[in-house]
$ cat entry-v9.cif   # mmCIF, C-alpha atoms and all ligand atoms
data_target
loop_
_atom_site.label_atom_id
_atom_site.label_comp_id
_atom_site.auth_asym_id
_atom_site.auth_seq_id
_atom_site.Cartn_x
_atom_site.Cartn_y
_atom_site.Cartn_z
CA MET A 1 56.63 -292.94 5.78
CA SER A 2 59.55 -292.79 8.15
CA GLU A 3 61.33 -295.67 9.80
CA LEU A 4 63.22 -296.38 13.00
CA ILE A 5 65.19 -299.52 13.81
CA LEU A 6 64.91 -300.16 17.52
CA GLY A 7 66.94 -303.19 18.59
CA SER A 8 65.19 -306.13 16.95
CA CYS A 9 62.02 -304.12 16.16
CA ARG A 10 61.16 -301.98 13.19
CA VAL A 11 58.91 -298.96 13.82
CA ARG A 12 57.29 -297.11 10.94
CA LEU A 13 55.29 -293.89 11.13
CA ILE A 14 52.59 -293.41 8.51
CA HIS A 15 50.43 -290.35 7.90
CA ALA A 16 46.87 -291.64 7.44
CA GLY A 17 45.87 -288.29 5.95
CA ILE A 18 47.13 -284.73 6.19
CA HIS A 19 44.54 -282.27 7.44
CA TRP A 20 44.19 -278.66 8.52
CA TRP A 21 42.68 -277.94 11.91
CA ASP A 22 41.96 -274.83 13.92
CA ALA A 23 45.09 -273.57 15.67
CA GLY A 24 43.19 -272.68 18.84
CA THR A 25 42.15 -276.32 19.32
CA PHE A 26 45.77 -277.42 19.41
CA PHE A 27 47.39 -274.54 21.26
CA GLY A 28 44.72 -273.49 23.75
CA VAL A 29 46.05 -270.68 25.94
CA VAL A 30 49.41 -270.47 24.14
CA PRO A 31 49.49 -267.04 22.43
CA LYS A 32 49.59 -266.99 18.65
CA THR A 33 52.69 -264.75 18.90
CA MET A 34 54.49 -267.81 20.33
CA TRP A 35 53.20 -270.80 18.33
CA SER A 36 53.29 -268.87 15.03
CA LYS A 37 57.09 -268.78 15.28
CA ARG A 38 56.92 -272.55 14.77
CA MET A 39 53.88 -273.23 12.57
CA GLN A 40 52.29 -271.06 9.89
CA PRO A 41 48.47 -270.89 9.79
CA ASP A 42 46.40 -270.59 6.61
CA ALA A 43 43.88 -267.79 6.02
CA LEU A 44 41.31 -269.56 8.26
CA ASN A 45 43.83 -269.85 11.15
CA ARG A 46 44.18 -273.57 10.52
CA LEU A 47 47.46 -275.48 10.89
CA ARG A 48 48.72 -278.51 9.01
CA PHE A 49 48.54 -281.78 10.94
CA ALA A 50 48.56 -285.52 10.27
CA PHE A 51 46.60 -288.52 11.49
CA ASN A 52 49.60 -290.59 12.50
CA CYS A 53 49.65 -294.37 12.72
CA CYS A 54 52.57 -296.53 13.80
CA ILE A 55 53.50 -299.99 12.62
CA VAL A 56 55.68 -301.93 15.05
CA GLU A 57 57.17 -305.17 13.71
CA THR A 58 58.66 -307.39 16.39
CA GLY A 59 59.48 -310.35 14.15
CA ARG A 60 56.58 -312.34 15.60
CA HIS A 61 53.91 -309.64 15.61
CA THR A 62 52.86 -306.72 13.44
CA ILE A 63 51.22 -304.11 15.63
CA LEU A 64 49.25 -301.15 14.34
CA ILE A 65 48.97 -298.21 16.75
CA GLU A 66 45.96 -296.00 15.84
CA THR A 67 43.91 -296.23 12.66
CA GLY A 68 43.48 -292.55 11.74
CA ALA A 69 40.15 -290.92 10.93
CA GLY A 70 39.04 -293.57 8.44
CA ASN A 71 37.21 -292.99 5.17
CA ARG A 72 33.68 -292.27 6.41
CA LEU A 73 34.05 -288.55 7.10
CA SER A 74 31.29 -286.36 5.63
CA ALA A 75 31.89 -283.94 2.76
CA MET A 76 31.49 -281.09 5.25
CA GLU A 77 34.09 -282.55 7.61
CA LEU A 78 36.54 -283.14 4.77
CA SER A 79 36.13 -279.61 3.49
CA ARG A 80 36.50 -278.17 7.00
CA MET A 81 39.84 -279.99 7.26
CA ASN A 82 40.88 -279.16 3.70
CA MET A 83 41.16 -282.86 2.84
CA PRO A 84 40.61 -284.62 -0.51
CA GLU A 85 37.01 -285.69 -1.27
CA GLN A 86 37.92 -289.36 -1.49
CA LEU A 87 40.07 -291.04 1.13
CA PRO A 88 41.39 -294.59 0.78
CA ALA A 89 40.43 -297.30 3.24
CA LEU A 90 43.27 -297.79 5.73
CA PRO A 91 44.28 -301.30 4.54
CA ASP A 92 44.72 -299.87 1.02
CA LEU A 93 46.65 -296.89 2.33
CA LEU A 94 48.98 -299.18 4.32
CA ALA A 95 49.47 -301.45 1.31
CA ALA A 96 50.44 -298.42 -0.78
CA GLU A 97 53.04 -297.62 1.89
CA GLY A 98 54.49 -301.13 1.64
CA VAL A 99 52.79 -302.63 4.70
CA ASP A 100 50.85 -305.87 4.14
CA PRO A 101 47.57 -305.25 6.02
CA GLN A 102 47.03 -309.02 6.33
CA ARG A 103 50.03 -309.25 8.62
CA ILE A 104 48.55 -306.94 11.26
CA ASP A 105 47.63 -309.07 14.26
CA ILE A 106 47.27 -306.40 16.96
CA VAL A 107 45.57 -303.00 16.69
CA ILE A 108 45.94 -300.54 19.58
CA ASN A 109 43.63 -297.53 19.95
CA THR A 110 45.24 -295.26 22.55
CA HIS A 111 41.75 -293.79 23.00
CA LEU A 112 38.55 -293.77 20.98
CA HIS A 113 38.41 -290.27 19.51
CA PHE A 114 37.38 -290.69 15.86
CA ASP A 115 40.75 -289.52 14.57
CA HIS A 116 42.50 -292.44 16.34
CA CYS A 117 40.15 -295.33 15.56
CA GLY A 118 38.25 -294.25 12.40
CA GLY A 119 39.99 -296.91 10.29
CA ASN A 120 39.15 -299.78 12.68
CA THR A 121 36.15 -300.86 10.64
CA LEU A 122 34.92 -300.78 7.04
CA GLU A 123 31.34 -300.30 5.93
CA ARG A 124 29.95 -303.37 4.12
CA ASP A 125 26.33 -303.94 3.06
CA GLY A 126 24.99 -301.44 5.56
CA GLY A 127 27.00 -302.92 8.44
CA PHE A 128 30.54 -302.70 9.73
CA VAL A 129 33.33 -305.27 9.48
CA PRO A 130 36.84 -305.23 10.92
CA ALA A 131 39.39 -303.59 8.63
CA PHE A 132 41.97 -306.00 10.04
CA PRO A 133 40.16 -309.33 10.37
CA ARG A 134 43.09 -311.24 11.91
CA ALA A 135 43.79 -308.63 14.56
CA ARG A 136 43.03 -308.43 18.21
CA TYR A 137 41.98 -304.82 18.92
CA LEU A 138 42.76 -303.15 22.24
CA SER A 139 41.61 -300.05 24.07
CA GLN A 140 40.69 -299.06 27.64
CA ARG A 141 37.36 -300.03 29.19
CA GLY A 142 37.06 -296.66 30.97
CA GLU A 143 37.45 -294.86 27.64
CA TRP A 144 34.78 -297.03 25.99
CA GLU A 145 32.42 -296.38 28.89
CA HIS A 146 33.12 -292.65 28.68
CA ALA A 147 32.38 -292.73 24.94
CA HIS A 148 28.96 -294.13 25.79
CA GLU A 149 28.24 -291.41 28.35
CA ARG A 150 27.85 -289.00 25.40
CA HIS A 151 28.96 -286.02 27.46
CA PRO A 152 28.20 -282.77 25.58
CA ARG A 153 31.81 -281.60 26.02
CA ASP A 154 33.30 -284.30 23.79
CA LEU A 155 30.52 -286.43 22.27
CA VAL A 156 31.45 -285.05 18.85
CA SER A 157 34.71 -287.02 19.10
CA TYR A 158 33.05 -290.45 19.40
CA ARG A 159 31.45 -292.59 16.65
CA SER A 160 30.32 -295.97 17.85
CA SER A 161 30.70 -297.65 14.43
CA ASN A 162 34.47 -297.40 14.98
CA TYR A 163 34.46 -299.70 18.02
CA ASP A 164 31.07 -301.11 19.09
CA PRO A 165 30.87 -303.77 16.34
CA LEU A 166 34.33 -305.00 17.46
CA VAL A 167 33.39 -304.99 21.15
CA GLU A 168 30.16 -306.86 20.35
CA SER A 169 31.95 -309.54 18.34
CA GLY A 170 34.63 -309.93 21.03
CA GLN A 171 37.37 -308.78 18.67
CA MET A 172 38.12 -305.68 20.76
CA GLU A 173 39.47 -306.30 24.22
CA LEU A 174 38.85 -303.59 26.79
CA LEU A 175 41.74 -303.22 29.23
CA THR A 176 41.61 -301.96 32.79
CA GLY A 177 44.69 -299.89 33.54
CA ASP A 178 48.31 -300.40 32.53
CA SER A 179 49.16 -303.57 30.66
CA GLU A 180 52.21 -305.44 29.38
CA LEU A 181 50.82 -306.54 26.06
CA LEU A 182 53.86 -308.61 25.06
CA PRO A 183 57.37 -308.78 26.45
CA GLY A 184 58.77 -305.28 25.83
CA ILE A 185 55.45 -303.74 24.73
CA GLU A 186 53.70 -301.73 27.43
CA LEU A 187 50.50 -299.73 27.45
CA GLU A 188 50.37 -297.03 30.12
CA VAL A 189 47.33 -294.95 31.04
CA THR A 190 48.36 -291.29 31.02
CA PRO A 191 45.44 -289.07 32.08
CA GLY A 192 45.18 -285.48 30.90
CA HIS A 193 43.91 -285.31 27.30
CA ASN A 194 41.17 -287.45 28.76
CA ARG A 195 40.92 -289.81 31.71
CA ASP A 196 41.89 -293.14 30.13
CA ILE A 197 44.17 -292.34 27.19
CA MET A 198 47.22 -294.61 26.84
CA ILE A 199 50.74 -294.23 25.53
CA VAL A 200 52.56 -297.19 23.96
CA LYS A 201 56.14 -298.08 24.92
CA VAL A 202 58.29 -300.50 22.93
CA ARG A 203 61.56 -301.68 24.45
CA SER A 204 64.11 -303.72 22.53
CA GLU A 205 67.80 -304.39 23.21
CA GLY A 206 68.18 -301.46 25.60
CA GLU A 207 66.34 -298.92 23.44
CA THR A 208 62.88 -297.48 23.99
CA PHE A 209 60.33 -296.03 21.60
CA CYS A 210 57.18 -294.31 22.84
CA PHE A 211 54.07 -293.34 20.88
CA LEU A 212 52.88 -290.37 22.91
CA SER A 213 49.44 -290.10 21.32
CA ASP A 214 47.45 -286.96 22.13
CA MET A 215 49.35 -286.49 25.37
CA VAL A 216 51.86 -284.73 23.07
CA PRO A 217 50.15 -284.20 19.69
CA THR A 218 53.19 -282.59 18.01
CA ALA A 219 56.85 -282.10 18.84
CA HIS A 220 55.99 -278.46 19.68
CA HIS A 221 53.79 -279.70 22.52
CA VAL A 222 56.75 -281.22 24.36
CA LYS A 223 56.75 -277.99 26.39
CA PRO A 224 54.63 -279.15 29.34
CA THR A 225 52.45 -276.02 29.47
CA TRP A 226 51.61 -276.14 25.74
CA ILE A 227 48.33 -277.98 26.21
CA ALA A 228 45.58 -278.41 23.63
CA ALA A 229 42.25 -276.69 24.29
CA VAL A 230 40.51 -280.06 23.93
CA ASP A 231 42.43 -281.61 26.85
CA LEU A 232 39.77 -282.33 29.47
CA TYR A 233 42.15 -282.19 32.45
CA PRO A 234 44.83 -279.57 31.74
CA LEU A 235 46.56 -279.55 35.14
CA THR A 236 46.77 -283.34 35.12
CA ALA A 237 48.02 -283.19 31.52
CA ILE A 238 50.90 -280.92 32.57
CA ASP A 239 51.87 -283.22 35.45
CA THR A 240 51.62 -286.40 33.35
CA LYS A 241 53.62 -284.89 30.48
CA THR A 242 56.33 -283.62 32.78
CA ARG A 243 56.69 -287.04 34.43
CA VAL A 244 56.71 -289.09 31.22
CA LEU A 245 58.87 -286.71 29.18
CA SER A 246 61.42 -286.35 31.99
CA GLN A 247 61.76 -290.13 31.91
CA ALA A 248 61.98 -290.03 28.09
CA ALA A 249 64.84 -287.50 28.35
CA ALA A 250 66.65 -289.41 31.11
CA GLU A 251 66.43 -292.73 29.23
CA ASN A 252 67.00 -291.28 25.74
CA TRP A 253 63.77 -292.64 24.23
CA TRP A 254 62.70 -292.15 20.65
CA CYS A 255 59.22 -290.59 20.61
CA ALA A 256 56.45 -290.13 18.04
CA TYR A 257 53.46 -287.82 18.09
CA ALA A 258 49.82 -288.32 17.18
CA HIS A 259 49.43 -285.35 14.84
CA ASP A 260 52.82 -283.98 13.81
CA ALA A 261 53.02 -283.78 10.00
CA ASP A 262 56.72 -282.82 9.96
CA THR A 263 58.49 -284.66 12.78
CA SER A 264 58.09 -288.43 12.69
CA PHE A 265 60.54 -289.26 15.48
CA SER A 266 62.51 -287.23 17.99
CA ARG A 267 64.31 -287.59 21.24
CA ILE A 268 63.57 -285.38 24.26
CA HIS A 269 66.09 -283.08 25.91
CA GLN A 270 65.74 -281.71 29.41
CA GLU A 271 67.85 -278.91 30.81
CA ASN A 272 67.16 -276.68 33.81
CA GLY A 273 63.68 -278.15 33.99
CA LYS A 274 62.89 -277.24 30.36
CA LEU A 275 61.85 -279.97 27.96
CA GLU A 276 62.17 -279.85 24.19
CA ALA A 277 62.18 -282.16 21.17
CA VAL A 278 65.63 -282.69 19.66
CA GLU A 279 67.11 -284.80 16.84
CA CYS A 280 63.81 -284.36 14.98
CA ARG A 281 63.53 -286.72 12.00
CA ALA A 282 61.10 -286.05 9.18
ZN ZN A 301 42.17 -287.30 21.18
#
$ encode --input "entry-v9.cif" --output "structure tokens"
Amino acid sequence: MSELILGSCRVRLIHAGIHWWDAGTFFGVVPKTMWSKRMQPDALNRLRFAFNCCIVETGRHTILIETGAGNRLSAMELSRMNMPEQLPALPDLLAAEGVDPQRIDIVINTHLHFDHCGGNTLERDGGFVPAFPRARYLSQRGEWEHAHERHPRDLVSYRSSNYDPLVESGQMELLTGDSELLPGIELEVTPGHNRDIMIVKVRSEGETFCFLSDMVPTAHHVKPTWIAAVDLYPLTAIDTKTRVLSQAAAENWWCAYAHDADTSFSRIHQENGKLEAVECRA
């Protein structure tokens, strides 16, 4: 766990599981000769990543951004990702990291891919219950509708048990477009990885933190043209990243990434049009 004090807020980054995933998925058209200077693959050409969650404490609210991949992955999936056979439920994992899960009153899913909302629910008596019973859950309506389209390109990324029970009970609120969740906490739709993915911005006492989600899965992906192969709209992704990261550089934001296992927080530097992660904190 790594921590950032941002004005009157405390931001903590927690790895909800370390996993190994195919390098081609993350680096797309970027040649191995380039990315391998930064990350070392294993014998199966997999790289080490994390399912990152963020806890934002404002004093009045405890916000959880993303819930990882959860603990319902199959033995085959776990072995494919080189993960342990038994994974803890997210509330237990958070408690072990010193976060009281009972305090969480808002859960944000930037999008509904299983590795961002898998810990939303727990399996109980053949059904599904909220892992954070007190919390209001939030995601985008367009993303939820897309999940239900079951398009062959990305249906593998969606598991309805992670969100439908919460939508049905009214515990998950589906947003339409950008939203100011609370004073200083903004959700912005940033198309590219998919159509309705959001980033989360936290502003406090003149400082800004941004959870970049899969728009920038690791600090290496700050380069605008380093786009994951799974991004549905690569040209849009480049434009969105360039716009948001230029603002991050100009305003000296702290940023966090959805899948970086090494860098918890960094700032963004821009020079001669080039963007890179700097001041990287483990
Ligand atoms: Zn995703």
$ closest_residue --input "entry-v9.cif" --among "A:His221, A:Arg159, A:Lys241, A:His111" --to "ligand ZN 301 (chain A)" --atoms "all atoms listed in the file"
A:His111
$ closest_atom_pairs --input "entry-v9.cif" --of "chain A" --to "ligand ZN 301 (chain A)" --cutoff "12 Å" --atoms "all atoms listed in the file" --output "Markdown table"
| residue | atom | partner | partner_atom | distance |
| --- | --- | --- | --- | --- |
| A:Thr25 | CA | A:ZN301 | ZN | 11.1 |
| A:Phe26 | CA | A:ZN301 | ZN | 10.7 |
| A:Phe51 | CA | A:ZN301 | ZN | 10.7 |
| A:Asn52 | CA | A:ZN301 | ZN | 11.9 |
| A:Glu66 | CA | A:ZN301 | ZN | 10.9 |
| A:Gly68 | CA | A:ZN301 | ZN | 10.9 |
| A:Ala69 | CA | A:ZN301 | ZN | 11.1 |
| A:Asn109 | CA | A:ZN301 | ZN | 10.4 |
| A:Thr110 | CA | A:ZN301 | ZN | 8.6 |
| A:His111 | CA | A:ZN301 | ZN | 6.8 |
| A:Leu112 | CA | A:ZN301 | ZN | 7.4 |
| A:His113 | CA | A:ZN301 | ZN | 5.1 |
| A:Phe114 | CA | A:ZN301 | ZN | 7.9 |
| A:Asp115 | CA | A:ZN301 | ZN | 7.1 |
| A:His116 | CA | A:ZN301 | ZN | 7.1 |
| A:Cys117 | CA | A:ZN301 | ZN | 10.0 |
| A:Gly118 | CA | A:ZN301 | ZN | 11.9 |
| A:Glu143 | CA | A:ZN301 | ZN | 11.0 |
| A:Ala147 | CA | A:ZN301 | ZN | 11.8 |
| A:Asp154 | CA | A:ZN301 | ZN | 9.7 |
| A:Leu155 | CA | A:ZN301 | ZN | 11.7 |
| A:Val156 | CA | A:ZN301 | ZN | 11.2 |
| A:Ser157 | CA | A:ZN301 | ZN | 7.7 |
| A:Tyr158 | CA | A:ZN301 | ZN | 9.8 |
| A:Pro191 | CA | A:ZN301 | ZN | 11.5 |
| A:Gly192 | CA | A:ZN301 | ZN | 10.3 |
| A:His193 | CA | A:ZN301 | ZN | 6.7 |
| A:Asn194 | CA | A:ZN301 | ZN | 7.6 |
| A:Arg195 | CA | A:ZN301 | ZN | 10.9 |
| A:Asp196 | CA | A:ZN301 | ZN | 10.7 |
| A:Ile197 | CA | A:ZN301 | ZN | 8.1 |
| A:Met198 | CA | A:ZN301 | ZN | 10.5 |
| A:Ile199 | CA | A:ZN301 | ZN | 11.8 |
| A:Leu212 | CA | A:ZN301 | ZN | 11.3 |
| A:Ser213 | CA | A:ZN301 | ZN | 7.8 |
| A:Asp214 | CA | A:ZN301 | ZN | 5.4 |
| A:Met215 | CA | A:ZN301 | ZN | 8.4 |
| A:Val216 | CA | A:ZN301 | ZN | 10.2 |
| A:Pro217 | CA | A:ZN301 | ZN | 8.7 |
| A:Ala228 | CA | A:ZN301 | ZN | 9.8 |
| A:Ala229 | CA | A:ZN301 | ZN | 11.1 |
| A:Val230 | CA | A:ZN301 | ZN | 7.9 |
| A:Asp231 | CA | A:ZN301 | ZN | 8.0 |
| A:Leu232 | CA | A:ZN301 | ZN | 10.0 |
| A:Tyr257 | CA | A:ZN301 | ZN | 11.7 |
| A:Ala258 | CA | A:ZN301 | ZN | 8.7 |
| A:His259 | CA | A:ZN301 | ZN | 9.8 |
$ closest_residue --input "entry-v9.cif" --among "A:Leu87, A:Ile63, A:Leu73, A:Leu235" --to "Val202 in chain A" --atoms "all atoms listed in the file"
A:Ile63
$ closest_residue --input "entry-v9.cif" --among "A:Val99, A:Met39, A:Ala89, A:Ala250" --to "Asn120 in chain A" --atoms "all atoms listed in the file"
A:Ala89
$ residues_near_point --input "entry-v9.cif" --point "(40.6, -304.0, 31.6)" --cutoff "12 Å" --atoms "only C-alpha atoms" --output "MDAnalysis selection string"
chainID A and resid 138:145 172:181 187 189 196
$ closest_residue --input "entry-v9.cif" --among "A:Gly126, A:Gly98, A:Gly206, A:Pro183" --to "Glu251 in chain A" --atoms "all atoms listed in the file"
A:Gly206
$ residues_around --input "entry-v9.cif" --residues "Arg46 in chain A" --least-positions-apart "2" --cutoff "9 Å" --atoms "only C-alpha atoms" --output "ChimeraX atom specification"
/A:20-24,40-44,48,81
$ closest_residue --input "entry-v9.cif" --among "A:Ala277, A:Pro31, A:Thr263, A:Gln86" --to "Ile14 in chain A" --atoms "all atoms listed in the file"
A:Thr263
$ closest_residue --input "entry-v9.cif" --among "A:Val278, A:Ala237, A:Ala95, A:Ala261" --to "Gly17 in chain A" --atoms "all atoms listed in the file"
A:Ala261
$ residues_around --input "entry-v9.cif" --residues "Val56 in chain A" --least-positions-apart "4" --cutoff "10 Å" --atoms "all atoms listed in the file" --output "number ranges by chain"
A: 3-6, 9-13, 61-65, 104, 106, 185, 202, 209
$ atom_distance --input "entry-v9.cif" --atom1 "CA of Ile55 in chain A" --atom2 "CA of Val129 in chain A"
21.1 Å
$ atom_distance --input "entry-v9.cif" --atom1 "CA of Phe132 in chain A" --atom2 "CA of Lys201 in chain A"
22.0 Å
$ atom_distance --input "entry-v9.cif" --atom1 "CA of Pro224 in chain A" --atom2 "CA of Asp239 in chain A"
7.8 Å
$ build_atoms --input "entry-v9.cif" --residues "range 251-261 of chain A" --atoms "all heavy atoms" --output "compact mmCIF listing (two decimals), keeping the file's coordinate frame"
# COMPACT_ATOMS: atom_id res chain seq x y z
N GLU A 251 66.14 -291.40 29.80
CA GLU A 251 66.43 -292.73 29.23
C GLU A 251 66.63 -292.69 27.72
O GLU A 251 66.72 -293.73 27.07
CB GLU A 251 65.29 -293.70 29.60
CG GLU A 251 65.19 -293.90 31.11
CD GLU A 251 64.05 -294.84 31.52
OE1 GLU A 251 63.38 -295.39 30.63
OE2 GLU A 251 63.84 -294.98 32.74
N ASN A 252 66.67 -291.46 27.16
CA ASN A 252 67.00 -291.28 25.74
C ASN A 252 66.07 -292.05 24.80
O ASN A 252 66.50 -292.69 23.85
CB ASN A 252 68.46 -291.70 25.49
CG ASN A 252 69.06 -290.95 24.31
OD1 ASN A 252 68.63 -289.84 23.99
ND2 ASN A 252 70.02 -291.56 23.65
N TRP A 253 64.77 -291.96 25.08
CA TRP A 253 63.77 -292.64 24.23
C TRP A 253 63.67 -291.95 22.86
O TRP A 253 63.87 -290.75 22.75
CB TRP A 253 62.37 -292.54 24.85
CG TRP A 253 62.16 -293.19 26.16
CD1 TRP A 253 63.05 -293.93 26.90
CD2 TRP A 253 60.94 -293.14 26.93
NE1 TRP A 253 62.44 -294.33 28.06
CE2 TRP A 253 61.16 -293.87 28.11
CE3 TRP A 253 59.69 -292.55 26.72
CZ2 TRP A 253 60.18 -294.01 29.09
CZ3 TRP A 253 58.71 -292.69 27.69
CH2 TRP A 253 58.95 -293.43 28.86
N TRP A 254 63.25 -292.73 21.87
CA TRP A 254 62.70 -292.15 20.65
C TRP A 254 61.19 -291.97 20.87
O TRP A 254 60.54 -292.86 21.44
CB TRP A 254 62.91 -293.08 19.44
CG TRP A 254 64.29 -292.99 18.89
CD1 TRP A 254 65.26 -293.94 18.99
CD2 TRP A 254 64.85 -291.91 18.14
NE1 TRP A 254 66.40 -293.51 18.35
CE2 TRP A 254 66.18 -292.27 17.83
CE3 TRP A 254 64.39 -290.66 17.72
CZ2 TRP A 254 67.04 -291.44 17.10
CZ3 TRP A 254 65.24 -289.83 17.00
CH2 TRP A 254 66.53 -290.21 16.69
N CYS A 255 60.65 -290.86 20.41
CA CYS A 255 59.22 -290.59 20.61
C CYS A 255 58.55 -290.27 19.28
O CYS A 255 59.19 -289.76 18.36
CB CYS A 255 59.03 -289.39 21.54
SG CYS A 255 59.61 -289.74 23.22
N ALA A 256 57.25 -290.54 19.20
CA ALA A 256 56.45 -290.13 18.04
C ALA A 256 55.16 -289.50 18.55
O ALA A 256 54.73 -289.76 19.67
CB ALA A 256 56.16 -291.31 17.12
N TYR A 257 54.56 -288.70 17.71
CA TYR A 257 53.46 -287.82 18.09
C TYR A 257 52.22 -288.14 17.27
O TYR A 257 52.32 -288.51 16.10
CB TYR A 257 53.89 -286.36 17.86
CG TYR A 257 55.21 -286.06 18.54
CD1 TYR A 257 56.43 -286.22 17.86
CD2 TYR A 257 55.25 -285.70 19.88
CE1 TYR A 257 57.64 -286.00 18.50
CE2 TYR A 257 56.46 -285.47 20.53
CZ TYR A 257 57.65 -285.63 19.83
OH TYR A 257 58.85 -285.42 20.48
N ALA A 258 51.05 -287.92 17.86
CA ALA A 258 49.82 -288.32 17.18
C ALA A 258 49.51 -287.50 15.93
O ALA A 258 48.91 -288.00 14.98
CB ALA A 258 48.64 -288.22 18.16
N HIS A 259 49.90 -286.21 15.92
CA HIS A 259 49.43 -285.35 14.84
C HIS A 259 50.51 -284.51 14.16
O HIS A 259 50.18 -283.59 13.41
CB HIS A 259 48.31 -284.44 15.36
CG HIS A 259 47.08 -285.19 15.77
ND1 HIS A 259 46.28 -285.84 14.86
CD2 HIS A 259 46.53 -285.43 16.98
CE1 HIS A 259 45.27 -286.44 15.50
NE2 HIS A 259 45.41 -286.21 16.80
N ASP A 260 51.76 -284.78 14.43
CA ASP A 260 52.82 -283.98 13.81
C ASP A 260 52.98 -284.41 12.35
O ASP A 260 53.18 -285.60 12.07
CB ASP A 260 54.14 -284.16 14.58
CG ASP A 260 55.09 -282.99 14.36
OD1 ASP A 260 55.29 -282.63 13.18
OD2 ASP A 260 55.60 -282.44 15.34
N ALA A 261 52.89 -283.46 11.44
CA ALA A 261 53.02 -283.78 10.00
C ALA A 261 54.46 -283.63 9.53
O ALA A 261 54.78 -283.99 8.40
CB ALA A 261 52.11 -282.87 9.18
